[in-house]
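Step one of this worksheet: look at the structure below.
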There are 2 protein chains.
Amino acid sequence: MRIGIIGSGALGLYYGAMLQRSGQDVHFLLRRDYQTIQKKGLQIYSCNGDFHLPQVAGYQTPQEIGTVDLVIVGLKTISNHHLIELVSPLLDTNTAILTLQNGLGNEELLAEAFGAECVLGGVAFLCSNRGEPGIVHHLGEGRIRLGEFSDGSSQRSNNLADMFQAAGVPCTAVSDLRRARWEKLVWNIPFNGLCALLERDVTDLLNHPESKELARNLMLEVIAGANAQSLKEPINGQEFSQQMIAFTENMDHYRPSMMIDRAAGLPLELRAIYAVPLQQAKAAGISMPRVAMLNTLLDFGETKP
Amino acid sequence: MRIGIIGSGALGLYYGAMLQRSGQDVHFLLRRDYQTIQKKGLQIYSCNGDFHLPQVAGYQTPQEIGTVDLVIVGLKTISNHHLIELVSPLLDTNTAILTLQNGLGNEELLAEAFGAECVLGGVAFLCSNRGEPGIVHHLGEGRIRLGEFSDGSSQRSNNLADMFQAAGVPCTAVSDLRRARWEKLVWNIPFNGLCALLERDVTDLLNHPESKELARNLMLEVIAGANAQSLKEPINGQEFSQQMIAFTENMDHYRPSMMIDRAAGLPLELRAIYAVPLQQAKAAGISMPRVAMLNTLLDFGETKP
């Protein structure tokens with residue numbers, strides 16, 4: 001399958017590399033890493049085994065990539081104002097677009113521009129960071145849950161899941177993408193935000209009992225918001241929040257991407273991860289006061305002193 | 001009147017200096033400023049006019065002060081484990097103790113040790129900082145509302161209010177000290193905490209509309225907590241929170257004491273300003289989720305990375 005990766009950060013590079021290693025024909029739109037990857041290829045340091053791709057098809061414009069069978073979008077949502085112009089040159093009649101971006105609102109943007117029928121979304125539970133140019137650190141996890149934006153099962157989503165599986169990426173197709181997206185937010189909203197705000201990693205946070213309780217309360221608010229979204233099956237608040245805490249306790253001093261971005265002075269994905277979920281919850285009659293407060297505190301940090 | 005000042009920070013030094021200037025016989029327990037004040041006296045730079053006291057009675061132990069008619073307590077509440085031993089040597093049969101400390105729980109501590117009948121409390125709206133040793137900056141405000149811990153009016157509290165007034169400190173005696181304490185918390189809880197957490201001053205905060213709204217919502221939670229405490233007269237939430245916002249808008253880039261303490265790596269008065277109010281509200285059936293969240297975020301910052 002001819003695949004184009006738009007947004008080659010840690011996520012785009014990691015999944016692209018896994019797919020290329022499994023024999024897929026992968027083409028990366030690169031910025032920061034272009035020169036290094038052209039010269040030295042792409043190095044993945046992974047908890048599942050390191051590997052190196054000496055030959056990588058890297059490009060500086062989407063036009064050079066040309067049309068593909070599948071676009072995988074890994075772009076930071078803060079760059080979504082470029083999303084349509086970056087994806088557009090890769091599209092042929094039957095091209096599928098899979099956005100693995102954070103938060104809510106990304107499939108809607110793509111569907112608006114290119115039609116709902118070509119859009120899939122996926123949530124990635126991936127602990128990864130970029131190192132020096134041409135280097136990605138894969139610290140843990142990596143599984144993807146993907147599905148049709150138009151809801152329901154499809155042969156296409158099953159095939160994509162099989163493709164990721166064959167590449168060594170645990171992947172399942174889901175029939176309720178909206179539920180999967182909200183489930184991901186149950187983790188992202190507390191841990192990305194609290195770690196960015198407090199400049200401390202998930203392990204430090206969970207070692208402070210009151211902060212662990214706060215993370216749990218944030219999760220319960222998100223789950224209440226999720227369960228107001230006409231999901232096919234509601235999320236069990238107590239059980240799922242407990243699972244997410246246990247999952248996080250297995251991460252050894254993991255620094256969420258938002259924490260890294262804040263420390264680097266980069267803008268945060270507040271719209272996709274906080275503002276749109278708050279809007280959707282509010283539209284369904286659910287207030288999430290702690291989530292709103294966290295969003296406000298983070299947003300204030302985006303203003304300059 | 002022979003007056004002993006226990007806790008000679010910006011607040012204790014400022015009010016002590018004002019009283020001494022008006023002719024009262026004031027004795028300061030000093031630590032950091034002892035040497036300088038012995039040598040050079042005490043300098044007040046005040047928005048109402050600077051003044052200098054060349055002769056100041058400073059001491060290094062409370063025993064040297066001896067008994068007084070009035071103890072004024074300005075100690076940081078984080079040092080309350082020393083409060084009883086510091087105040088005790090100053091007490092005679094009729095000595096009154098007036099605590100101007102922050103938050104809740106201070107009168108109770110004094111009453112437990114020395115009897116409720118000798119305890120008064122006051123809330124001070126004072127914008128002041130310490131400068132170099134021997135120097136206090138009075139930036140604005142300064143009014144005090146004081147009353148009997150045992151509640152109700154008294155000749156004693158009226159006399160103390162008159163004494164402060166005569167010293168140029170706007171002061172009123174109140175018959176409901178509990179209400180006055182909670183009213184002060186309506187300001188302290190949002191602004192001390194948010195400025196300390198975000199490391200930004202009150203003006204920056206109020207210039208961010210969402211943070212201003214958050215400050216307002218925190219105030220409304222505190223007022224709900226206050227109104228569950230059997231006050232003689234409830235606090236009008238809309239009106240009082242609006243007043244407090246307007247009052248704060250008049251402060252030009254003021255840095256609350258908690259913000260200064262956090263920046264200096266000093267411990268914060270979280271127990272008196274957050275934990276005890278949260279307990280008292282909870283005991284009255286009122287939850288203050290945003291206040292609890294702010295307390296948790298601040299408390300986490302007290303743990304070391």
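Convention: chains lettered A, B, ... in structure tokens order; per-chain residue numbering from 1; ligands numbered from 1 as shown.
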- Message: If you run DSSP on the backbone here, which positions in region 135-243 of chain A get helix (DSSP H, G or I)? Please write them as a ChimeraX atom specification.
- Response: /A:155-166,177-198,202-206,209-226,237-243
Rows by chain and residue number, chain B within 9 Å of chain A, shortest pair, only C-alpha atoms, as JSON lines:
```
{"residue": "B:Leu194", "atom": "CA", "partner": "A:Leu297", "partner_atom": "CA", "distance": 8.5}
{"residue": "B:Leu197", "atom": "CA", "partner": "A:Leu198", "partner_atom": "CA", "distance": 8.5}
{"residue": "B:Leu198", "atom": "CA", "partner": "A:Gly301", "partner_atom": "CA", "distance": 7.3}
{"residue": "B:Arg200", "atom": "CA", "partner": "A:Pro305", "partner_atom": "CA", "distance": 7.2}
{"residue": "B:Asp204", "atom": "CA", "partner": "A:Pro305", "partner_atom": "CA", "distance": 7.1}
{"residue": "B:Leu205", "atom": "CA", "partner": "A:Phe300", "partner_atom": "CA", "distance": 7.8}
{"residue": "B:His208", "atom": "CA", "partner": "A:Phe300", "partner_atom": "CA", "distance": 6.7}
{"residue": "B:Glu210", "atom": "CA", "partner": "A:Thr296", "partner_atom": "CA", "distance": 5.9}
{"residue": "B:Ser211", "atom": "CA", "partner": "A:Thr296", "partner_atom": "CA", "distance": 6.1}
{"residue": "B:Leu214", "atom": "CA", "partner": "A:Met293", "partner_atom": "CA", "distance": 6.8}
{"residue": "B:Pro289", "atom": "CA", "partner": "A:Arg290", "partner_atom": "CA", "distance": 7.4}
{"residue": "B:Arg290", "atom": "CA", "partner": "A:Arg290", "partner_atom": "CA", "distance": 6.5}
{"residue": "B:Ala292", "atom": "CA", "partner": "A:Leu214", "partner_atom": "CA", "distance": 8.9}
{"residue": "B:Met293", "atom": "CA", "partner": "A:Leu214", "partner_atom": "CA", "distance": 6.9}
{"residue": "B:Thr296", "atom": "CA", "partner": "A:Glu210", "partner_atom": "CA", "distance": 5.9}
{"residue": "B:Leu297", "atom": "CA", "partner": "A:Ser211", "partner_atom": "CA", "distance": 7.1}
{"residue": "B:Asp299", "atom": "CA", "partner": "A:Glu210", "partner_atom": "CA", "distance": 8.4}
{"residue": "B:Phe300", "atom": "CA", "partner": "A:His208", "partner_atom": "CA", "distance": 6.7}
{"residue": "B:Gly301", "atom": "CA", "partner": "A:Leu198", "partner_atom": "CA", "distance": 7.3}
{"residue": "B:Thr303", "atom": "CA", "partner": "A:His208", "partner_atom": "CA", "distance": 8.2}
{"residue": "B:Pro305", "atom": "CA", "partner": "A:Asp204", "partner_atom": "CA", "distance": 7.2}
```
Could you dump the residues just selected with N, CA, C and O atoms as a PDB file, in the first residue's frame?
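Heads up, here's the output in part_5.pdb:
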```pdb
ATOM      1  N   LEU B 194      -3.973  31.423  42.827  1.00  0.00           N
ATOM      2  CA  LEU B 194      -3.750  31.452  41.380  1.00  0.00           C
ATOM      3  C   LEU B 194      -2.431  32.143  41.051  1.00  0.00           C
ATOM      4  O   LEU B 194      -1.686  31.692  40.176  1.00  0.00           O
ATOM      5  N   LEU B 197       0.407  29.780  41.970  1.00  0.00           N
ATOM      6  CA  LEU B 197       0.473  28.636  41.059  1.00  0.00           C
ATOM      7  C   LEU B 197       1.008  29.037  39.696  1.00  0.00           C
ATOM      8  O   LEU B 197       1.840  28.341  39.109  1.00  0.00           O
ATOM      9  N   LEU B 198       0.515  30.151  39.193  1.00  0.00           N
ATOM     10  CA  LEU B 198       0.819  30.542  37.815  1.00  0.00           C
ATOM     11  C   LEU B 198       2.005  31.501  37.734  1.00  0.00           C
ATOM     12  O   LEU B 198       2.447  31.845  36.646  1.00  0.00           O
ATOM     13  N   ARG B 200       2.208  34.644  38.315  1.00  0.00           N
ATOM     14  CA  ARG B 200       1.849  35.895  37.628  1.00  0.00           C
ATOM     15  C   ARG B 200       1.028  36.749  38.591  1.00  0.00           C
ATOM     16  O   ARG B 200       0.357  36.235  39.479  1.00  0.00           O
ATOM     17  N   ASP B 204      -2.148  40.703  35.588  1.00  0.00           N
ATOM     18  CA  ASP B 204      -2.022  39.746  34.482  1.00  0.00           C
ATOM     19  C   ASP B 204      -3.210  38.788  34.489  1.00  0.00           C
ATOM     20  O   ASP B 204      -3.787  38.466  33.446  1.00  0.00           O
ATOM     21  N   LEU B 205      -3.535  38.311  35.670  1.00  0.00           N
ATOM     22  CA  LEU B 205      -4.610  37.330  35.817  1.00  0.00           C
ATOM     23  C   LEU B 205      -5.943  37.920  35.348  1.00  0.00           C
ATOM     24  O   LEU B 205      -6.668  37.288  34.575  1.00  0.00           O
ATOM     25  N   HIS B 208      -6.801  38.227  31.628  1.00  0.00           N
ATOM     26  CA  HIS B 208      -7.161  37.007  30.897  1.00  0.00           C
ATOM     27  C   HIS B 208      -8.609  36.677  31.276  1.00  0.00           C
ATOM     28  O   HIS B 208      -8.891  36.269  32.402  1.00  0.00           O
ATOM     29  N   GLU B 210     -10.811  34.349  30.892  1.00  0.00           N
ATOM     30  CA  GLU B 210     -11.169  33.053  31.474  1.00  0.00           C
ATOM     31  C   GLU B 210     -10.649  32.937  32.901  1.00  0.00           C
ATOM     32  O   GLU B 210     -11.292  32.303  33.753  1.00  0.00           O
ATOM     33  N   SER B 211      -9.477  33.501  33.186  1.00  0.00           N
ATOM     34  CA  SER B 211      -8.942  33.430  34.539  1.00  0.00           C
ATOM     35  C   SER B 211      -9.715  34.328  35.488  1.00  0.00           C
ATOM     36  O   SER B 211      -9.918  33.995  36.656  1.00  0.00           O
ATOM     37  N   LEU B 214     -12.657  32.404  36.321  1.00  0.00           N
ATOM     38  CA  LEU B 214     -12.282  31.362  37.282  1.00  0.00           C
ATOM     39  C   LEU B 214     -12.159  31.960  38.687  1.00  0.00           C
ATOM     40  O   LEU B 214     -12.646  31.368  39.668  1.00  0.00           O
ATOM     41  N   PRO B 289     -15.353  22.415  44.837  1.00  0.00           N
ATOM     42  CA  PRO B 289     -14.457  21.601  43.993  1.00  0.00           C
ATOM     43  C   PRO B 289     -13.291  22.378  43.397  1.00  0.00           C
ATOM     44  O   PRO B 289     -12.179  21.853  43.316  1.00  0.00           O
ATOM     45  N   ARG B 290     -13.550  23.622  42.979  1.00  0.00           N
ATOM     46  CA  ARG B 290     -12.448  24.390  42.383  1.00  0.00           C
ATOM     47  C   ARG B 290     -11.431  24.787  43.450  1.00  0.00           C
ATOM     48  O   ARG B 290     -10.226  24.792  43.209  1.00  0.00           O
ATOM     49  N   ALA B 292     -10.812  23.098  46.150  1.00  0.00           N
ATOM     50  CA  ALA B 292     -10.082  21.872  46.479  1.00  0.00           C
ATOM     51  C   ALA B 292      -9.026  21.584  45.418  1.00  0.00           C
ATOM     52  O   ALA B 292      -7.897  21.173  45.725  1.00  0.00           O
ATOM     53  N   MET B 293      -9.381  21.818  44.160  1.00  0.00           N
ATOM     54  CA  MET B 293      -8.438  21.571  43.062  1.00  0.00           C
ATOM     55  C   MET B 293      -7.250  22.522  43.164  1.00  0.00           C
ATOM     56  O   MET B 293      -6.097  22.112  43.009  1.00  0.00           O
ATOM     57  N   THR B 296      -5.016  21.374  45.913  1.00  0.00           N
ATOM     58  CA  THR B 296      -4.235  20.194  45.496  1.00  0.00           C
ATOM     59  C   THR B 296      -3.063  20.600  44.606  1.00  0.00           C
ATOM     60  O   THR B 296      -1.936  20.132  44.794  1.00  0.00           O
ATOM     61  N   LEU B 297      -3.337  21.487  43.635  1.00  0.00           N
ATOM     62  CA  LEU B 297      -2.272  21.908  42.718  1.00  0.00           C
ATOM     63  C   LEU B 297      -1.165  22.645  43.465  1.00  0.00           C
ATOM     64  O   LEU B 297       0.027  22.456  43.179  1.00  0.00           O
ATOM     65  N   ASP B 299      -0.525  22.317  46.745  1.00  0.00           N
ATOM     66  CA  ASP B 299       0.113  21.371  47.671  1.00  0.00           C
ATOM     67  C   ASP B 299       1.100  20.480  46.936  1.00  0.00           C
ATOM     68  O   ASP B 299       2.174  20.160  47.450  1.00  0.00           O
ATOM     69  N   PHE B 300       0.756  20.099  45.714  1.00  0.00           N
ATOM     70  CA  PHE B 300       1.688  19.288  44.914  1.00  0.00           C
ATOM     71  C   PHE B 300       2.989  20.042  44.698  1.00  0.00           C
ATOM     72  O   PHE B 300       4.075  19.465  44.732  1.00  0.00           O
ATOM     73  N   GLY B 301       2.874  21.354  44.488  1.00  0.00           N
ATOM     74  CA  GLY B 301       4.064  22.183  44.297  1.00  0.00           C
ATOM     75  C   GLY B 301       4.958  22.236  45.525  1.00  0.00           C
ATOM     76  O   GLY B 301       6.122  22.633  45.422  1.00  0.00           O
ATOM     77  N   THR B 303       5.742  19.559  47.180  1.00  0.00           N
ATOM     78  CA  THR B 303       6.572  18.349  47.153  1.00  0.00           C
ATOM     79  C   THR B 303       7.745  18.613  46.218  1.00  0.00           C
ATOM     80  O   THR B 303       7.635  19.350  45.246  1.00  0.00           O
ATOM     81  N   PRO B 305      10.581  17.764  43.388  1.00  0.00           N
ATOM     82  CA  PRO B 305      10.713  16.889  42.217  1.00  0.00           C
ATOM     83  C   PRO B 305      11.719  15.763  42.475  1.00  0.00           C
ATOM     84  O   PRO B 305      12.628  15.946  43.262  1.00  0.00           O
TER      85      PRO B 305
END
```
- Item | strand (DSSP E or B) call set, DSSP backbone run, region 40-254 of chain B, as a PyMOL selection string | chain B and resi 42-46+51-53+57-59+70-73+96-99+119-130+135-148+171-173
Just N, CA and C atoms for this one: save the residues we selected as a compact mmCIF listing (two decimals), in the first residue's frame.
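Below is the file result-v4.txt, written as the result:
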```
# COMPACT_ATOMS: atom_id res chain seq x y z
N LEU B 42 13.65 51.73 61.79
CA LEU B 42 12.72 51.09 60.86
C LEU B 42 12.22 52.12 59.85
N GLN B 43 12.32 51.77 58.57
CA GLN B 43 11.93 52.67 57.50
C GLN B 43 10.67 52.13 56.82
N ILE B 44 9.64 52.96 56.75
CA ILE B 44 8.42 52.58 56.03
C ILE B 44 8.30 53.44 54.78
N TYR B 45 8.30 52.77 53.63
CA TYR B 45 7.98 53.48 52.39
C TYR B 45 6.51 53.22 52.10
N SER B 46 5.71 54.26 52.23
CA SER B 46 4.26 54.06 52.14
C SER B 46 3.64 54.95 51.09
N PHE B 51 7.92 57.22 56.25
CA PHE B 51 8.39 57.71 57.54
C PHE B 51 9.44 56.77 58.11
N HIS B 52 10.19 57.30 59.07
CA HIS B 52 11.30 56.55 59.65
C HIS B 52 11.18 56.61 61.16
N LEU B 53 11.36 55.47 61.83
CA LEU B 53 11.39 55.44 63.29
C LEU B 53 12.83 55.15 63.70
N ALA B 57 12.04 49.44 69.72
CA ALA B 57 12.32 48.44 70.75
C ALA B 57 12.23 47.05 70.13
N GLY B 58 13.37 46.50 69.77
CA GLY B 58 13.42 45.18 69.15
C GLY B 58 14.02 44.15 70.09
N TYR B 59 13.56 42.90 69.99
CA TYR B 59 14.01 41.83 70.89
C TYR B 59 14.22 40.56 70.08
N LEU B 70 -1.39 44.29 75.09
CA LEU B 70 -1.93 43.75 73.84
C LEU B 70 -0.82 43.04 73.07
N VAL B 71 -1.09 41.80 72.67
CA VAL B 71 -0.21 41.09 71.74
C VAL B 71 -0.84 41.16 70.36
N ILE B 72 -0.09 41.63 69.39
CA ILE B 72 -0.56 41.56 68.00
C ILE B 72 0.24 40.47 67.30
N VAL B 73 -0.48 39.48 66.75
CA VAL B 73 0.19 38.34 66.12
C VAL B 73 0.17 38.52 64.60
N ALA B 96 -4.83 41.20 76.14
CA ALA B 96 -5.64 40.79 74.98
C ALA B 96 -4.68 40.33 73.87
N ILE B 97 -5.10 39.31 73.14
CA ILE B 97 -4.31 38.84 72.00
C ILE B 97 -5.13 39.08 70.74
N LEU B 98 -4.54 39.81 69.80
CA LEU B 98 -5.21 40.08 68.52
C LEU B 98 -4.39 39.41 67.41
N THR B 99 -4.98 38.37 66.80
CA THR B 99 -4.26 37.75 65.69
C THR B 99 -4.73 38.34 64.37
N VAL B 119 -8.96 36.34 73.43
CA VAL B 119 -8.60 36.28 72.02
C VAL B 119 -9.51 37.16 71.15
N LEU B 120 -8.86 37.96 70.33
CA LEU B 120 -9.56 38.69 69.26
C LEU B 120 -8.88 38.33 67.93
N GLY B 121 -9.61 38.53 66.87
CA GLY B 121 -9.03 38.29 65.55
C GLY B 121 -9.30 39.48 64.67
N GLY B 122 -8.48 39.64 63.67
CA GLY B 122 -8.71 40.72 62.74
C GLY B 122 -8.27 40.29 61.35
N VAL B 123 -8.93 40.84 60.36
CA VAL B 123 -8.48 40.60 59.00
C VAL B 123 -7.95 41.92 58.47
N ALA B 124 -6.79 41.81 57.86
CA ALA B 124 -6.10 43.00 57.37
C ALA B 124 -6.08 42.96 55.86
N PHE B 125 -6.61 43.99 55.23
CA PHE B 125 -6.45 44.15 53.78
C PHE B 125 -5.27 45.08 53.57
N LEU B 126 -4.12 44.48 53.40
CA LEU B 126 -2.88 45.25 53.37
C LEU B 126 -2.03 44.76 52.21
N CYS B 127 -1.61 45.65 51.35
CA CYS B 127 -0.65 45.31 50.31
C CYS B 127 0.71 45.81 50.77
N SER B 128 1.52 44.90 51.22
CA SER B 128 2.84 45.32 51.70
C SER B 128 3.84 44.20 51.46
N ASN B 129 5.09 44.58 51.31
CA ASN B 129 6.19 43.62 51.11
C ASN B 129 7.36 44.07 51.96
N ARG B 130 8.21 43.14 52.32
CA ARG B 130 9.44 43.52 52.97
C ARG B 130 10.48 43.83 51.91
N ILE B 135 13.39 47.58 56.28
CA ILE B 135 12.58 48.36 55.32
C ILE B 135 11.28 47.61 54.99
N VAL B 136 10.17 48.33 55.05
CA VAL B 136 8.88 47.77 54.65
C VAL B 136 8.28 48.67 53.57
N HIS B 137 7.75 48.04 52.53
CA HIS B 137 7.05 48.77 51.48
C HIS B 137 5.55 48.60 51.67
N HIS B 138 4.87 49.70 51.89
CA HIS B 138 3.41 49.68 51.99
C HIS B 138 2.86 50.19 50.66
N LEU B 139 2.25 49.24 49.90
CA LEU B 139 1.88 49.55 48.52
C LEU B 139 0.45 50.05 48.40
N GLY B 140 -0.40 49.67 49.35
CA GLY B 140 -1.78 50.11 49.25
C GLY B 140 -2.62 49.52 50.35
N GLU B 141 -3.84 50.04 50.48
CA GLU B 141 -4.80 49.57 51.47
C GLU B 141 -4.21 49.57 52.88
N GLY B 142 -4.74 48.73 53.73
CA GLY B 142 -4.24 48.67 55.09
C GLY B 142 -5.33 48.54 56.14
N ARG B 143 -6.59 48.58 55.69
CA ARG B 143 -7.68 48.58 56.68
C ARG B 143 -7.79 47.24 57.40
N ILE B 144 -8.26 47.33 58.62
CA ILE B 144 -8.42 46.16 59.48
C ILE B 144 -9.87 46.08 59.93
N ARG B 145 -10.38 44.86 59.97
CA ARG B 145 -11.68 44.61 60.61
C ARG B 145 -11.41 43.61 61.74
N LEU B 146 -11.70 43.98 62.95
CA LEU B 146 -11.37 43.11 64.08
C LEU B 146 -12.59 42.85 64.95
N GLY B 147 -12.53 41.77 65.68
CA GLY B 147 -13.66 41.42 66.55
C GLY B 147 -13.28 40.35 67.55
N GLU B 148 -14.19 40.12 68.48
CA GLU B 148 -13.99 39.10 69.52
C GLU B 148 -14.10 37.71 68.92
N CYS B 171 -9.90 51.25 60.57
CA CYS B 171 -10.21 50.03 61.33
C CYS B 171 -11.63 50.09 61.85
N THR B 172 -12.33 48.98 61.72
CA THR B 172 -13.67 48.90 62.30
C THR B 172 -13.78 47.65 63.15
N ALA B 173 -14.54 47.75 64.23
CA ALA B 173 -14.86 46.58 65.05
C ALA B 173 -16.09 45.91 64.46
```
- Item | Between CA of Asp252 (chain A) and CA of Phe240 (chain A), distance in Å (one decimal) | 20.7 Å
- Task: For Met219 (chain B), work out the shell of residues within 9 Å, counting only C-alpha atoms and skipping chain neighbours fewer than 6 positions away, then give it as number ranges by chain.
- Result: B: 185-187, 189-190, 237, 240-241, 244, 291
Using the selection just defined, write its residues with C-alpha atoms as a PDB file, in the first residue's frame.
```pdb
ATOM      1  CA  LEU B 185     -10.914  34.321  52.192  1.00  0.00           C
ATOM      2  CA  VAL B 186     -13.111  35.335  49.269  1.00  0.00           C
ATOM      3  CA  TRP B 187     -10.102  37.351  48.118  1.00  0.00           C
ATOM      4  CA  ILE B 189      -8.371  31.897  48.082  1.00  0.00           C
ATOM      5  CA  PRO B 190      -8.487  32.879  44.402  1.00  0.00           C
ATOM      6  CA  GLY B 237     -22.470  36.235  46.321  1.00  0.00           C
ATOM      7  CA  PHE B 240     -19.574  40.754  46.989  1.00  0.00           C
ATOM      8  CA  SER B 241     -17.630  38.855  44.316  1.00  0.00           C
ATOM      9  CA  MET B 244     -13.765  42.009  45.198  1.00  0.00           C
ATOM     10  CA  VAL B 291     -11.021  25.482  45.725  1.00  0.00           C
TER      11      VAL B 291
END
```
- For Lys184 (chain A), which of A:Ile6, A:Ala281, A:Ile273, A:Cys118 is the closest residue, counting only C-alpha atoms?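 The closest residue to Lys184 (chain A) is A:Ile273.
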- Message: Using Å and a single decimal, report how far CA of Ala264 (chain A) sits from CA of Leu278 (chain A).
- Response: 26.0 Å
- Can you tell me how far CA of Asn158 (chain A) sits from CA of Gly66 (chain A), in Å to one decimal?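 So the answer is 25.3 Å.
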Shell of 6 Å around Asp69 (chain B), only C-alpha atoms, local chain residues under 6 positions omitted, as an mmCIF file with N, CA, C and O atoms, in the first residue's frame:
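Below is the file that was written, part_10.cif:
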```cif
data_model
loop_
_atom_site.group_PDB
_atom_site.id
_atom_site.type_symbol
_atom_site.label_atom_id
_atom_site.label_comp_id
_atom_site.auth_asym_id
_atom_site.auth_seq_id
_atom_site.Cartn_x
_atom_site.Cartn_y
_atom_site.Cartn_z
ATOM 1 N N ARG B 2 0.925 49.244 76.180
ATOM 2 C CA ARG B 2 2.133 48.458 75.913
ATOM 3 C C ARG B 2 1.758 47.297 74.981
ATOM 4 O O ARG B 2 0.887 46.479 75.312
ATOM 5 N N ILE B 3 2.387 47.276 73.829
ATOM 6 C CA ILE B 3 1.988 46.341 72.766
ATOM 7 C C ILE B 3 3.198 45.503 72.359
ATOM 8 O O ILE B 3 4.302 46.025 72.178
ATOM 9 N N THR B 95 -4.172 40.679 79.548
ATOM 10 C CA THR B 95 -3.634 40.880 78.206
ATOM 11 C C THR B 95 -4.629 40.394 77.153
ATOM 12 O O THR B 95 -5.203 39.311 77.278
#
```
- Item | Near-Arg179 (chain A) list (10 Å; only C-alpha atoms; drop same-chain fewer than 5 positions) as a VMD selection string | chain A and resid 174 184 to 185 223 226 to 227 229 to 235
- Which residues, written as a list in words, have at least one atom at most 9 Å from Gly285 (chain A), with only C-alpha atoms counted and residues fewer than 5 positions away on the same chain left out? Gly225, Ala228 and Gln280 of chain A
Only all heavy atoms, please: the residues just picked out, written as a short mmCIF file (atom, residue, chain, number, x, y, z; two decimals), in the first residue's frame.
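Printed below is selection28.cif as written:
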```cif
data_model
loop_
_atom_site.label_atom_id
_atom_site.label_comp_id
_atom_site.auth_asym_id
_atom_site.auth_seq_id
_atom_site.Cartn_x
_atom_site.Cartn_y
_atom_site.Cartn_z
N GLY A 225 -19.07 13.49 30.53
CA GLY A 225 -19.21 14.19 29.25
C GLY A 225 -19.34 13.22 28.10
O GLY A 225 -20.18 13.39 27.20
N ALA A 228 -22.71 11.41 27.63
CA ALA A 228 -23.81 12.25 27.13
C ALA A 228 -23.76 12.39 25.61
O ALA A 228 -24.57 13.12 25.03
CB ALA A 228 -23.75 13.62 27.79
N GLN A 280 -18.56 20.21 23.46
CA GLN A 280 -19.45 19.08 23.15
C GLN A 280 -20.17 18.60 24.41
O GLN A 280 -21.34 18.21 24.36
CB GLN A 280 -18.67 17.94 22.49
CG GLN A 280 -18.13 18.34 21.11
CD GLN A 280 -17.64 17.15 20.30
OE1 GLN A 280 -17.76 15.99 20.70
NE2 GLN A 280 -17.06 17.43 19.13
#
```
- Query: Using only C-alpha atoms, which residue out of A:Tyr15, A:Tyr34, A:Phe28, A:Phe191 lies closest to Phe247 (chain A)?
  - Reply: A:Phe191
- Message: Which residues are close to Thr67 (chain B), i.e. within 10 Å by only C-alpha atoms, leaving aside same-chain residues fewer than 5 positions away? Reply as an MDAnalysis selection string.
- Response: chainID B and resid 2:4 62 87:93 95
